[in-house]
Amino acid sequence: RRRQEEGPDSVGSDSVPSVQNTLPHFIQEPEDAYIVKSNPIKLRCRAAPALQIFFKCNGEWVHQNEHFSHEYKDANSGLKVREVMINVSRQQVEDFHGPEDYWCLCVAWSHLGTSKSRKATARIAYLRKNFEQDPQGKEVPLDGMIVLHCRPPEGVPAAEVEWMKNDELVNPDENIDLRADYNLIISAARLSDSGNYTCLASNIVAKRRSMTAAVIVFVNGGWSLWTEWSACNVPCGRGIQKRSRTCTNPAPLNGGAFCEGMSVQKITCNAPCPIDGGWDEWTEWTVCSIQCERQRSRECNSPAPRHRGKMCEGHRLAAENCTEGLCTQSKASLSNDVALYSGLGAGIIAVAILVVAVMLYRKNHSEYGVDVIDSSALSGGFQSFNFKTTRQGNPLLLNSSIQPDLTVGRTYSTPLCFQAGADKELFDPLPDIKVKVQSSFMVSLGVAERAEYHNKASSETFPRELSRDYCGTADRRKKGLMTLNGPVNLCTEHQRITGAFGHNGGRLVVPDTGVSLLVPHGAVPENSTWDMYMAITPPEASLQTLEGCEVLLGPEVTYGPPGLHLLSPVALTMAHCAELETAEHWNIQLKRRTQDSKWEEVMAVDDECTSCYCLMDSGSCHLLLDAPGLYALVGEPLSQAAVKRLKLAVFGALEGPTSYGLRVYCVDDTPHAFQGVVWAERSRGGQLLEEPQMLPFRANSFSLQVTIQDVPAFLWSIKPFTTCQEFSFSQVWCSNQSPLHCAFSLERFSPATAQLSCKISVRQVKGHEQILQVYTAVAESEKEPLPFFSHFPNPPSIHQRICATFDTANAKGNDWQLLARKLHLDRNLGYFAKQPSPSAVILSLWEARHQDSADLDSLASALEEIGKLHSAKSNCKDHVLLYGDDCDFNFYNSKIIVCT
């Protein structure tokens, strides 16, 4: 019993203490330890002088067989030192269930008594996986404060925390504070502080990484100073001056706000035109000199030459003999002889130059083999004329003094108007032309009054008198002086289409006019349905409102109803006829009709504006609009290099047993304008004889000539004075979507003649030429019904699911600005920046731009380049589809997967 109280294997009486009268002294006591995984821990104890040392754990003695001990003598003190070690396993600690942690201590014996060491605890080490608080991403302005919070997972021992930025350790400095509460604080954010931050927790067991927090330090854009005003863009007359500024002070970075306001300002300017000098009156003659001469002079001051004007031609001084030849000198006589012979030689040379010039002029103007007449000399496209001429040699020459005989031939004056319900179908010679009209309209065809302009000014700018003649046509149109002669009149009804739209949006399309309206998803509030309409104004209405040199480049389009307020802008698409390769020579503006029927400028298409957006393609203009109303694209040429496109088409029809008529149309190159021609001709039995061609028409004030050539003379005869007809420049340039036409009437010598072949040349003087090749069978055409057309809206758009990815900026910069760049819509970013969902507006504009081609590959490629598109290897089609009933967007690990 005494042995048990004193401890296992108590020291016997035969043991001899190493040092008398000394209690054991611990040189090494057991230390606290952690059990990692299943590895046991070792507890050590060392004391001197000690006869025995044993461990006691949780109040119980450890069996002596579990002790590992050895004894040695300390060289310095000469005392015996005993060292003991035991192992503590994970199972022992787990099996212990006490009020405190598993503990052990050492007990050492000597002759004088015992000594106890400190308690050492043994704990099982661990580290949980989930952080108690993950850091959250931040978007802060430059110099703002960044505070990232982190609470590491529970663990034994407690985890230590470090911060990583882009997988590199963050070192504290004067701007970065790593708090004892594990938070990271950056006092003044710098651009270099942008990145992906991670909280790293670790102890002796493991390391844990928190969720990544994207920190974006953004910079809001600021305007630079305005540049100086540019020089007037025309050397003479009315032009434009520009100045610009850029959003680079600073430039917006990392999703910072784009500058608000205009980046380009324009003002009109009037460049002074050259003023040639003029002579003053001669002064009085001077008194007669001793050389028998008197003199007089004049100055070039009436007016003086200004602005690069020419100096006066002629001599400033004049001299003459003042004695009527009574006082002469030999030198004067010799001088007079030289002057006489020089004058004779100059006269001979001038006559020779004049003869050569006349011959070249006649040769140049004989290339057609006929004389040019104005089509306005014909009161109708199919009337024949009898002219009496006094000229011999060429029976086709027209004596302007002889009035035409208008008693022969036929006239057409009945207006044709096609109602919406008329079931008509066009001929089908051209598979690429779709001519379907849902709403009623009428078309007026013909030519206007003649207005000749002959000017030799530079081709780079308008001549001095051009502004008066060129723009005067608009005044004549307002007064009703321009009458279009032809068989068809314009209808006053609008092409109109209506639809009901809900939250999913949809599209209104006026068929085959190049005009459509896209209402995006989400523009109409949920659980609401709004009735909307879109209409095209007849071209005749425009003639009353345009001013100056402006011309319509496309149809006038209205959408409504008035007072409509949508949650996001609509995308209005309309065709135009401006040649964009000459865009720098145009001043193209979007205008809106006010309530008092006046035009107000909304924006210039090459300016940046935050109230609306304009995207010009080669043949169409795509607009993002917030307010309903009547809109039109209006162009003002800034120089003679401005070009608008004309569409040329030739139609043919039998007029009688032996008569066949060809009608050549010149109309602005827009589907809406050409649609009127097709409808009018179809109602009259006309057939399209050749693929329509495009002719660039320059603003150079020169007329348009239409000539028929290569008519087989042994089969057909053409009525006199109709082989070449002409439209004046103002008739063509200011047609404003109304078609012009001229007619050629041919007679066949035999009813058995069933084929007609010829060429029609359409040429602008000092401009481009286009050839229409006609080869057709002459037969009576049958009118075919037009199929009824109905429009079905597109299925609901699902691109809003992409917006959640791109509307929020992140550290990699994959935001809506990058999406706009990839889709080539990165002009006027300030407009997108003001929208609640910039990505939704960008995708709406892209959808409107590609509505005909359905070019989904470009969108898929853009998303793939950004790194947002992930093609699944299973259950997905090879061709990426963005719309349809069988496909949908799915989001997985921040990737967009398009699966069936």
# chains A, B, ... in the order shown; residues from 1 in each chain; ligands from 1
>>> residues_around(residues="range 51-57 of chain A", least_positions_apart="2", cutoff="10 Å", atoms="only C-alpha atoms", output="mmCIF file with N, CA and C atoms, in the first residue's frame")
data_model
loop_
_atom_site.group_PDB
_atom_site.id
_atom_site.type_symbol
_atom_site.label_atom_id
_atom_site.label_comp_id
_atom_site.auth_asym_id
_atom_site.auth_seq_id
_atom_site.Cartn_x
_atom_site.Cartn_y
_atom_site.Cartn_z
ATOM 1 N N GLY A 7 4.043 5.835 -5.493
ATOM 2 C CA GLY A 7 4.200 5.785 -6.933
ATOM 3 C C GLY A 7 4.704 4.449 -7.366
ATOM 4 N N PRO A 8 4.580 4.177 -8.635
ATOM 5 C CA PRO A 8 5.006 2.889 -9.155
ATOM 6 C C PRO A 8 6.505 2.740 -9.016
ATOM 7 N N ASP A 9 6.872 1.494 -8.595
ATOM 8 C CA ASP A 9 8.297 1.166 -8.502
ATOM 9 C C ASP A 9 9.046 2.169 -7.631
ATOM 10 N N SER A 10 8.576 2.336 -6.391
ATOM 11 C CA SER A 10 9.229 3.295 -5.480
ATOM 12 C C SER A 10 10.671 2.894 -5.240
ATOM 13 N N VAL A 11 11.429 3.913 -4.913
ATOM 14 C CA VAL A 11 12.862 3.678 -4.707
ATOM 15 C C VAL A 11 13.062 2.802 -3.471
ATOM 16 N N GLY A 12 13.870 1.753 -3.553
ATOM 17 C CA GLY A 12 14.132 0.850 -2.426
ATOM 18 C C GLY A 12 15.121 1.430 -1.425
ATOM 19 N N SER A 15 18.766 1.983 -2.368
ATOM 20 C CA SER A 15 19.190 3.026 -3.320
ATOM 21 C C SER A 15 19.991 4.087 -2.609
ATOM 22 N N VAL A 16 20.991 4.575 -3.283
ATOM 23 C CA VAL A 16 21.877 5.589 -2.709
ATOM 24 C C VAL A 16 21.661 6.914 -3.449
ATOM 25 N N PRO A 17 21.241 7.961 -2.743
ATOM 26 C CA PRO A 17 21.035 9.258 -3.428
ATOM 27 C C PRO A 17 22.354 9.810 -3.928
ATOM 28 N N SER A 18 22.209 10.506 -5.071
ATOM 29 C CA SER A 18 23.424 11.074 -5.659
ATOM 30 C C SER A 18 23.915 12.276 -4.878
ATOM 31 N N PRO A 24 14.446 17.212 -5.832
ATOM 32 C CA PRO A 24 14.636 17.190 -7.303
ATOM 33 C C PRO A 24 14.319 18.570 -7.921
ATOM 34 N N PRO A 30 7.415 19.257 -19.248
ATOM 35 C CA PRO A 30 6.637 18.924 -20.463
ATOM 36 C C PRO A 30 5.948 20.185 -21.023
ATOM 37 N N LEU A 43 5.973 13.723 -24.900
ATOM 38 C CA LEU A 43 6.143 14.602 -23.742
ATOM 39 C C LEU A 43 7.444 14.229 -23.029
ATOM 40 N N ARG A 44 8.279 15.224 -22.753
ATOM 41 C CA ARG A 44 9.586 14.979 -22.132
ATOM 42 C C ARG A 44 9.656 15.687 -20.783
ATOM 43 N N CYS A 45 10.476 15.032 -19.864
ATOM 44 C CA CYS A 45 10.682 15.598 -18.537
ATOM 45 C C CYS A 45 12.112 15.248 -18.100
ATOM 46 N N ARG A 46 12.825 16.242 -17.509
ATOM 47 C CA ARG A 46 14.224 16.026 -17.102
ATOM 48 C C ARG A 46 14.421 16.730 -15.757
ATOM 49 N N ALA A 47 15.036 15.963 -14.794
ATOM 50 C CA ALA A 47 15.226 16.505 -13.434
ATOM 51 C C ALA A 47 16.535 15.983 -12.822
ATOM 52 N N ALA A 48 17.060 16.756 -11.824
ATOM 53 C CA ALA A 48 18.289 16.367 -11.115
ATOM 54 C C ALA A 48 18.271 17.005 -9.711
ATOM 55 N N PRO A 49 18.723 16.380 -8.651
ATOM 56 C CA PRO A 49 18.970 14.922 -8.644
ATOM 57 C C PRO A 49 17.634 14.203 -8.515
ATOM 58 N N GLY A 59 -4.653 12.731 -13.621
ATOM 59 C CA GLY A 59 -4.784 12.231 -12.253
ATOM 60 C C GLY A 59 -4.408 10.785 -12.069
ATOM 61 N N GLU A 60 -3.991 10.075 -13.116
ATOM 62 C CA GLU A 60 -3.614 8.675 -13.017
ATOM 63 C C GLU A 60 -2.181 8.493 -13.478
ATOM 64 N N TRP A 61 -1.483 7.534 -12.770
ATOM 65 C CA TRP A 61 -0.091 7.253 -13.128
ATOM 66 C C TRP A 61 -0.032 6.509 -14.464
ATOM 67 N N VAL A 62 0.937 6.901 -15.242
ATOM 68 C CA VAL A 62 1.192 6.181 -16.490
ATOM 69 C C VAL A 62 2.038 4.973 -16.171
ATOM 70 N N HIS A 63 1.681 3.840 -16.729
ATOM 71 C CA HIS A 63 2.402 2.598 -16.448
ATOM 72 C C HIS A 63 3.863 2.757 -16.816
ATOM 73 N N GLN A 64 4.705 2.090 -15.955
ATOM 74 C CA GLN A 64 6.141 2.264 -16.148
ATOM 75 C C GLN A 64 6.616 1.711 -17.482
ATOM 76 N N GLU A 66 5.338 2.246 -20.240
ATOM 77 C CA GLU A 66 5.138 3.240 -21.287
ATOM 78 C C GLU A 66 6.142 4.375 -21.184
ATOM 79 N N HIS A 67 7.052 4.273 -20.167
ATOM 80 C CA HIS A 67 8.068 5.309 -20.023
ATOM 81 C C HIS A 67 9.350 4.913 -20.749
ATOM 82 N N PHE A 68 9.979 5.926 -21.320
ATOM 83 C CA PHE A 68 11.304 5.731 -21.920
ATOM 84 C C PHE A 68 12.259 6.669 -21.192
ATOM 85 N N SER A 69 13.232 6.081 -20.444
ATOM 86 C CA SER A 69 14.100 6.921 -19.614
ATOM 87 C C SER A 69 15.559 6.507 -19.763
ATOM 88 N N GLU A 71 19.638 7.851 -17.932
ATOM 89 C CA GLU A 71 20.284 8.625 -16.868
ATOM 90 C C GLU A 71 21.698 8.968 -17.305
ATOM 91 N N LYS A 80 23.503 13.605 -10.999
ATOM 92 C CA LYS A 80 22.874 12.677 -11.921
ATOM 93 C C LYS A 80 21.583 13.309 -12.481
ATOM 94 N N VAL A 81 21.424 13.249 -13.755
ATOM 95 C CA VAL A 81 20.253 13.796 -14.443
ATOM 96 C C VAL A 81 19.471 12.637 -15.043
ATOM 97 N N ARG A 82 18.145 12.597 -14.698
ATOM 98 C CA ARG A 82 17.279 11.554 -15.258
ATOM 99 C C ARG A 82 16.283 12.219 -16.234
ATOM 100 N N GLU A 83 16.133 11.594 -17.396
ATOM 101 C CA GLU A 83 15.215 12.090 -18.452
ATOM 102 C C GLU A 83 14.212 10.999 -18.765
ATOM 103 N N VAL A 84 12.919 11.416 -18.879
ATOM 104 C CA VAL A 84 11.846 10.461 -19.142
ATOM 105 C C VAL A 84 10.979 11.020 -20.272
ATOM 106 N N MET A 85 10.425 10.106 -21.142
ATOM 107 C CA MET A 85 9.567 10.502 -22.262
ATOM 108 C C MET A 85 8.430 9.507 -22.401
ATOM 109 N N ILE A 86 7.243 10.026 -22.702
ATOM 110 C CA ILE A 86 6.111 9.149 -22.999
ATOM 111 C C ILE A 86 5.471 9.623 -24.295
ATOM 112 N N VAL A 88 1.760 10.200 -26.361
ATOM 113 C CA VAL A 88 0.312 10.351 -26.166
ATOM 114 C C VAL A 88 -0.333 10.252 -27.544
ATOM 115 N N TYR A 102 -7.005 17.251 -22.009
ATOM 116 C CA TYR A 102 -6.108 16.167 -21.609
ATOM 117 C C TYR A 102 -4.796 16.780 -21.154
ATOM 118 N N TRP A 103 -4.320 16.340 -19.880
ATOM 119 C CA TRP A 103 -3.102 16.930 -19.341
ATOM 120 C C TRP A 103 -2.202 15.862 -18.733
ATOM 121 N N CYS A 104 -0.928 16.219 -18.658
ATOM 122 C CA CYS A 104 0.068 15.342 -18.041
ATOM 123 C C CYS A 104 1.097 16.210 -17.314
ATOM 124 N N LEU A 105 1.665 15.594 -16.187
ATOM 125 C CA LEU A 105 2.766 16.259 -15.478
ATOM 126 C C LEU A 105 3.754 15.195 -15.014
ATOM 127 N N CYS A 106 4.936 15.660 -14.615
ATOM 128 C CA CYS A 106 5.989 14.754 -14.150
ATOM 129 C C CYS A 106 6.112 14.840 -12.615
ATOM 130 N N VAL A 107 6.421 13.697 -11.986
ATOM 131 C CA VAL A 107 6.709 13.632 -10.543
ATOM 132 C C VAL A 107 8.103 13.016 -10.383
ATOM 133 N N ALA A 108 8.985 13.755 -9.711
ATOM 134 C CA ALA A 108 10.368 13.278 -9.509
ATOM 135 C C ALA A 108 10.618 13.028 -8.013
ATOM 136 N N TRP A 109 11.363 11.887 -7.649
ATOM 137 C CA TRP A 109 11.653 11.523 -6.270
ATOM 138 C C TRP A 109 13.136 11.680 -5.950
ATOM 139 N N SER A 110 13.330 12.094 -4.718
ATOM 140 C CA SER A 110 14.684 12.043 -4.130
ATOM 141 C C SER A 110 14.521 11.596 -2.661
ATOM 142 N N HIS A 111 15.645 11.492 -1.890
ATOM 143 C CA HIS A 111 15.530 11.067 -0.496
ATOM 144 C C HIS A 111 14.768 12.065 0.353
ATOM 145 N N THR A 114 9.475 14.696 -3.042
ATOM 146 C CA THR A 114 9.105 14.714 -4.467
ATOM 147 C C THR A 114 8.911 16.159 -4.943
ATOM 148 N N SER A 115 9.012 16.299 -6.253
ATOM 149 C CA SER A 115 8.730 17.584 -6.926
ATOM 150 C C SER A 115 7.831 17.322 -8.143
ATOM 151 N N LYS A 116 6.894 18.237 -8.409
ATOM 152 C CA LYS A 116 5.986 18.107 -9.551
ATOM 153 C C LYS A 116 6.278 19.205 -10.610
ATOM 154 N N SER A 117 6.139 18.806 -11.833
ATOM 155 C CA SER A 117 6.331 19.769 -12.948
ATOM 156 C C SER A 117 5.008 20.477 -13.262
ATOM 157 N N LYS A 119 1.693 21.388 -15.590
ATOM 158 C CA LYS A 119 0.803 20.589 -16.413
ATOM 159 C C LYS A 119 1.005 20.958 -17.886
ATOM 160 N N ALA A 120 1.080 19.936 -18.714
ATOM 161 C CA ALA A 120 1.160 20.137 -20.169
ATOM 162 C C ALA A 120 -0.114 19.570 -20.792
ATOM 163 N N THR A 121 -0.754 20.351 -21.640
ATOM 164 C CA THR A 121 -1.998 19.892 -22.262
ATOM 165 C C THR A 121 -1.704 19.295 -23.631
#
>>> residues_around(residues="range 601-615 of chain A", least_positions_apart="5", cutoff="8 Å", atoms="only C-alpha atoms", output="list in words")
Glu260, Gly261, Met262, Ser263, Val264, Gln265, Asn587, Ile588, Gln589, Leu590, Lys591, Arg592, Cys621, His622, Leu623, Leu624, Leu625, Asp626, Arg827, Asn828, Gly830, Tyr831, Phe832 and Lys834 of chain A
>>> residues_around(residues="Leu518 in chain A", least_positions_apart="3", cutoff="8 Å", atoms="only C-alpha atoms", output="mmCIF file with all heavy atoms, in the first residue's frame")
data_model
loop_
_atom_site.group_PDB
_atom_site.id
_atom_site.type_symbol
_atom_site.label_atom_id
_atom_site.label_comp_id
_atom_site.auth_asym_id
_atom_site.auth_seq_id
_atom_site.Cartn_x
_atom_site.Cartn_y
_atom_site.Cartn_z
ATOM 1 N N GLY A 505 -41.476 42.586 -75.357
ATOM 2 C CA GLY A 505 -41.089 43.419 -76.486
ATOM 3 C C GLY A 505 -41.460 42.779 -77.809
ATOM 4 O O GLY A 505 -42.282 41.859 -77.890
ATOM 5 N N GLY A 506 -40.865 43.259 -78.899
ATOM 6 C CA GLY A 506 -41.150 42.756 -80.235
ATOM 7 C C GLY A 506 -40.681 43.754 -81.272
ATOM 8 O O GLY A 506 -39.922 44.683 -80.987
ATOM 9 N N ARG A 507 -41.157 43.584 -82.519
ATOM 10 C CA ARG A 507 -40.684 44.428 -83.622
ATOM 11 C C ARG A 507 -41.842 44.744 -84.554
ATOM 12 O O ARG A 507 -42.658 43.878 -84.876
ATOM 13 C CB ARG A 507 -39.562 43.730 -84.395
ATOM 14 C CG ARG A 507 -39.040 44.558 -85.560
ATOM 15 C CD ARG A 507 -37.956 43.847 -86.344
ATOM 16 N NE ARG A 507 -36.692 43.861 -85.619
ATOM 17 C CZ ARG A 507 -36.123 42.789 -85.123
ATOM 18 N NH1 ARG A 507 -36.704 41.613 -85.258
ATOM 19 N NH2 ARG A 507 -34.966 42.877 -84.491
ATOM 20 N N LEU A 508 -41.914 45.996 -84.979
ATOM 21 C CA LEU A 508 -42.824 46.430 -86.039
ATOM 22 C C LEU A 508 -42.007 46.598 -87.314
ATOM 23 O O LEU A 508 -40.942 47.223 -87.297
ATOM 24 C CB LEU A 508 -43.500 47.751 -85.687
ATOM 25 C CG LEU A 508 -44.609 47.730 -84.631
ATOM 26 C CD1 LEU A 508 -45.071 49.147 -84.346
ATOM 27 C CD2 LEU A 508 -45.775 46.876 -85.085
ATOM 28 N N VAL A 570 -36.201 52.606 -77.722
ATOM 29 C CA VAL A 570 -36.520 51.741 -78.852
ATOM 30 C C VAL A 570 -35.449 51.933 -79.923
ATOM 31 O O VAL A 570 -34.725 52.930 -79.941
ATOM 32 C CB VAL A 570 -37.914 52.052 -79.423
ATOM 33 C CG1 VAL A 570 -38.983 51.814 -78.379
ATOM 34 C CG2 VAL A 570 -37.985 53.489 -79.941
ATOM 35 N N ALA A 571 -35.337 50.953 -80.810
ATOM 36 C CA ALA A 571 -34.372 51.004 -81.913
ATOM 37 C C ALA A 571 -35.150 51.168 -83.214
ATOM 38 O O ALA A 571 -35.864 50.254 -83.633
ATOM 39 C CB ALA A 571 -33.515 49.738 -81.953
ATOM 40 N N LEU A 572 -35.019 52.340 -83.839
ATOM 41 C CA LEU A 572 -35.702 52.648 -85.092
ATOM 42 C C LEU A 572 -34.687 52.548 -86.232
ATOM 43 O O LEU A 572 -33.631 53.174 -86.183
ATOM 44 C CB LEU A 572 -36.307 54.056 -85.050
ATOM 45 C CG LEU A 572 -36.976 54.564 -86.334
ATOM 46 C CD1 LEU A 572 -38.167 53.687 -86.705
ATOM 47 C CD2 LEU A 572 -37.411 56.009 -86.185
ATOM 48 N N SER A 844 -29.671 45.576 -77.998
ATOM 49 C CA SER A 844 -30.818 45.992 -78.804
ATOM 50 C C SER A 844 -30.345 46.639 -80.106
ATOM 51 O O SER A 844 -30.894 46.373 -81.185
ATOM 52 C CB SER A 844 -31.699 46.964 -78.014
ATOM 53 O OG SER A 844 -32.271 46.336 -76.897
ATOM 54 N N ALA A 848 -30.988 45.262 -83.901
ATOM 55 C CA ALA A 848 -31.579 46.067 -84.973
ATOM 56 C C ALA A 848 -30.660 46.119 -86.191
ATOM 57 O O ALA A 848 -31.121 46.087 -87.333
ATOM 58 C CB ALA A 848 -31.860 47.485 -84.464
#
>>> residues_around(residues="Leu756 in chain A", least_positions_apart="5", cutoff="12 Å", atoms="only C-alpha atoms", output="list in words")
Gly652, Ala653, Leu654, Ser659, Tyr660, Gly661, Leu662, Leu689, Asp710, Val711, Pro712, Ala713, Phe714, Leu715, Trp716, Ser717, Leu746, Glu747, Arg748, Gln773, Val774, Tyr775, Thr776, Ala777, Val778 and Ala779 of chain A
>>> write_last_selection(atoms="N, CA, C and O atoms", output="mmCIF file, in the first residue's frame")
data_model
loop_
_atom_site.group_PDB
_atom_site.id
_atom_site.type_symbol
_atom_site.label_atom_id
_atom_site.label_comp_id
_atom_site.auth_asym_id
_atom_site.auth_seq_id
_atom_site.Cartn_x
_atom_site.Cartn_y
_atom_site.Cartn_z
ATOM 1 N N GLY A 652 -41.063 47.745 -119.083
ATOM 2 C CA GLY A 652 -41.622 47.717 -120.425
ATOM 3 C C GLY A 652 -43.022 47.161 -120.432
ATOM 4 O O GLY A 652 -43.401 46.335 -119.595
ATOM 5 N N ALA A 653 -43.810 47.606 -121.417
ATOM 6 C CA ALA A 653 -45.180 47.115 -121.559
ATOM 7 C C ALA A 653 -45.663 47.424 -122.966
ATOM 8 O O ALA A 653 -45.257 48.428 -123.582
ATOM 9 N N LEU A 654 -46.512 46.544 -123.493
ATOM 10 C CA LEU A 654 -47.153 46.794 -124.776
ATOM 11 C C LEU A 654 -48.138 47.947 -124.648
ATOM 12 O O LEU A 654 -48.911 48.011 -123.697
ATOM 13 N N SER A 659 -46.905 48.862 -130.826
ATOM 14 C CA SER A 659 -46.165 49.848 -130.046
ATOM 15 C C SER A 659 -45.724 49.240 -128.716
ATOM 16 O O SER A 659 -46.486 48.512 -128.072
ATOM 17 N N TYR A 660 -44.501 49.543 -128.340
ATOM 18 C CA TYR A 660 -43.938 49.047 -127.083
ATOM 19 C C TYR A 660 -43.257 50.218 -126.382
ATOM 20 O O TYR A 660 -42.502 50.977 -126.990
ATOM 21 N N GLY A 661 -43.567 50.391 -125.089
ATOM 22 C CA GLY A 661 -43.023 51.501 -124.319
ATOM 23 C C GLY A 661 -42.008 51.051 -123.292
ATOM 24 O O GLY A 661 -42.192 50.045 -122.601
ATOM 25 N N LEU A 662 -40.916 51.790 -123.210
ATOM 26 C CA LEU A 662 -39.907 51.584 -122.174
ATOM 27 C C LEU A 662 -39.944 52.787 -121.237
ATOM 28 O O LEU A 662 -39.925 53.938 -121.688
ATOM 29 N N LEU A 689 -37.365 44.821 -116.710
ATOM 30 C CA LEU A 689 -36.603 44.218 -117.805
ATOM 31 C C LEU A 689 -35.142 43.991 -117.469
ATOM 32 O O LEU A 689 -34.450 43.316 -118.223
ATOM 33 N N ASP A 710 -28.484 51.367 -129.583
ATOM 34 C CA ASP A 710 -28.417 50.018 -130.202
ATOM 35 C C ASP A 710 -29.793 49.416 -130.420
ATOM 36 O O ASP A 710 -30.005 48.216 -130.225
ATOM 37 N N VAL A 711 -30.772 50.218 -130.796
ATOM 38 C CA VAL A 711 -32.079 49.667 -131.167
ATOM 39 C C VAL A 711 -31.970 49.081 -132.575
ATOM 40 O O VAL A 711 -31.511 49.780 -133.503
ATOM 41 N N PRO A 712 -32.358 47.825 -132.809
ATOM 42 C CA PRO A 712 -32.259 47.233 -134.157
ATOM 43 C C PRO A 712 -33.090 48.034 -135.154
ATOM 44 O O PRO A 712 -34.332 48.014 -135.101
ATOM 45 N N ALA A 713 -32.424 48.732 -136.056
ATOM 46 C CA ALA A 713 -33.134 49.629 -136.959
ATOM 47 C C ALA A 713 -34.002 48.887 -137.960
ATOM 48 O O ALA A 713 -34.982 49.446 -138.471
ATOM 49 N N PHE A 714 -33.692 47.623 -138.270
ATOM 50 C CA PHE A 714 -34.469 46.881 -139.259
ATOM 51 C C PHE A 714 -35.700 46.218 -138.637
ATOM 52 O O PHE A 714 -36.513 45.644 -139.351
ATOM 53 N N LEU A 715 -35.814 46.262 -137.284
ATOM 54 C CA LEU A 715 -36.978 45.679 -136.635
ATOM 55 C C LEU A 715 -37.839 46.726 -135.935
ATOM 56 O O LEU A 715 -39.059 46.570 -135.837
ATOM 57 N N TRP A 716 -37.187 47.769 -135.386
ATOM 58 C CA TRP A 716 -37.896 48.736 -134.571
ATOM 59 C C TRP A 716 -37.560 50.151 -135.028
ATOM 60 O O TRP A 716 -36.464 50.426 -135.523
ATOM 61 N N SER A 717 -38.513 51.035 -134.807
ATOM 62 C CA SER A 717 -38.275 52.463 -135.012
ATOM 63 C C SER A 717 -38.666 53.200 -133.740
ATOM 64 O O SER A 717 -39.586 52.781 -133.029
ATOM 65 N N LEU A 746 -41.443 52.822 -128.878
ATOM 66 C CA LEU A 746 -40.900 52.158 -130.058
ATOM 67 C C LEU A 746 -42.032 51.516 -130.850
ATOM 68 O O LEU A 746 -43.025 51.043 -130.284
ATOM 69 N N GLU A 747 -41.864 51.477 -132.175
ATOM 70 C CA GLU A 747 -42.816 50.832 -133.073
ATOM 71 C C GLU A 747 -42.099 49.705 -133.799
ATOM 72 O O GLU A 747 -40.997 49.888 -134.332
ATOM 73 N N ARG A 748 -42.723 48.527 -133.832
ATOM 74 C CA ARG A 748 -42.141 47.413 -134.581
ATOM 75 C C ARG A 748 -42.728 47.403 -135.991
ATOM 76 O O ARG A 748 -43.916 47.645 -136.191
ATOM 77 N N GLN A 773 -28.969 46.976 -119.745
ATOM 78 C CA GLN A 773 -29.067 46.122 -120.930
ATOM 79 C C GLN A 773 -30.461 45.526 -120.990
ATOM 80 O O GLN A 773 -30.897 44.831 -120.066
ATOM 81 N N VAL A 774 -31.177 45.791 -122.063
ATOM 82 C CA VAL A 774 -32.554 45.311 -122.211
ATOM 83 C C VAL A 774 -32.568 44.205 -123.245
ATOM 84 O O VAL A 774 -32.084 44.381 -124.374
ATOM 85 N N TYR A 775 -33.114 43.076 -122.861
ATOM 86 C CA TYR A 775 -33.360 41.968 -123.794
ATOM 87 C C TYR A 775 -34.610 41.262 -123.302
ATOM 88 O O TYR A 775 -34.601 40.619 -122.257
ATOM 89 N N THR A 776 -35.700 41.413 -124.023
ATOM 90 C CA THR A 776 -36.971 40.922 -123.515
ATOM 91 C C THR A 776 -37.827 40.413 -124.658
ATOM 92 O O THR A 776 -37.655 40.801 -125.831
ATOM 93 N N ALA A 777 -38.738 39.515 -124.281
ATOM 94 C CA ALA A 777 -39.757 39.046 -125.213
ATOM 95 C C ALA A 777 -40.950 39.983 -125.122
ATOM 96 O O ALA A 777 -41.424 40.295 -124.034
ATOM 97 N N VAL A 778 -41.424 40.448 -126.272
ATOM 98 C CA VAL A 778 -42.535 41.392 -126.320
ATOM 99 C C VAL A 778 -43.830 40.601 -126.280
ATOM 100 O O VAL A 778 -44.168 39.882 -127.226
ATOM 101 N N ALA A 779 -44.524 40.671 -125.166
ATOM 102 C CA ALA A 779 -45.778 39.942 -125.015
ATOM 103 C C ALA A 779 -46.628 40.660 -123.998
ATOM 104 O O ALA A 779 -46.133 41.418 -123.155
#
>>> closest_residue(among="A:Lys266, A:Tyr126, A:Ser224, A:Leu580", to="Lys242 in chain A", atoms="only C-alpha atoms")
A:Lys266
>>> residues_around(residues="Cys232 in chain A", least_positions_apart="6", cutoff="6 Å", atoms="only C-alpha atoms", output="PyMOL selection string")
chain A and resi 239-241
>>> closest_residue(among="A:Pro40, A:Pro153, A:Gly767, A:Gly345", to="Gln91 in chain A", atoms="only C-alpha atoms")
A:Pro40
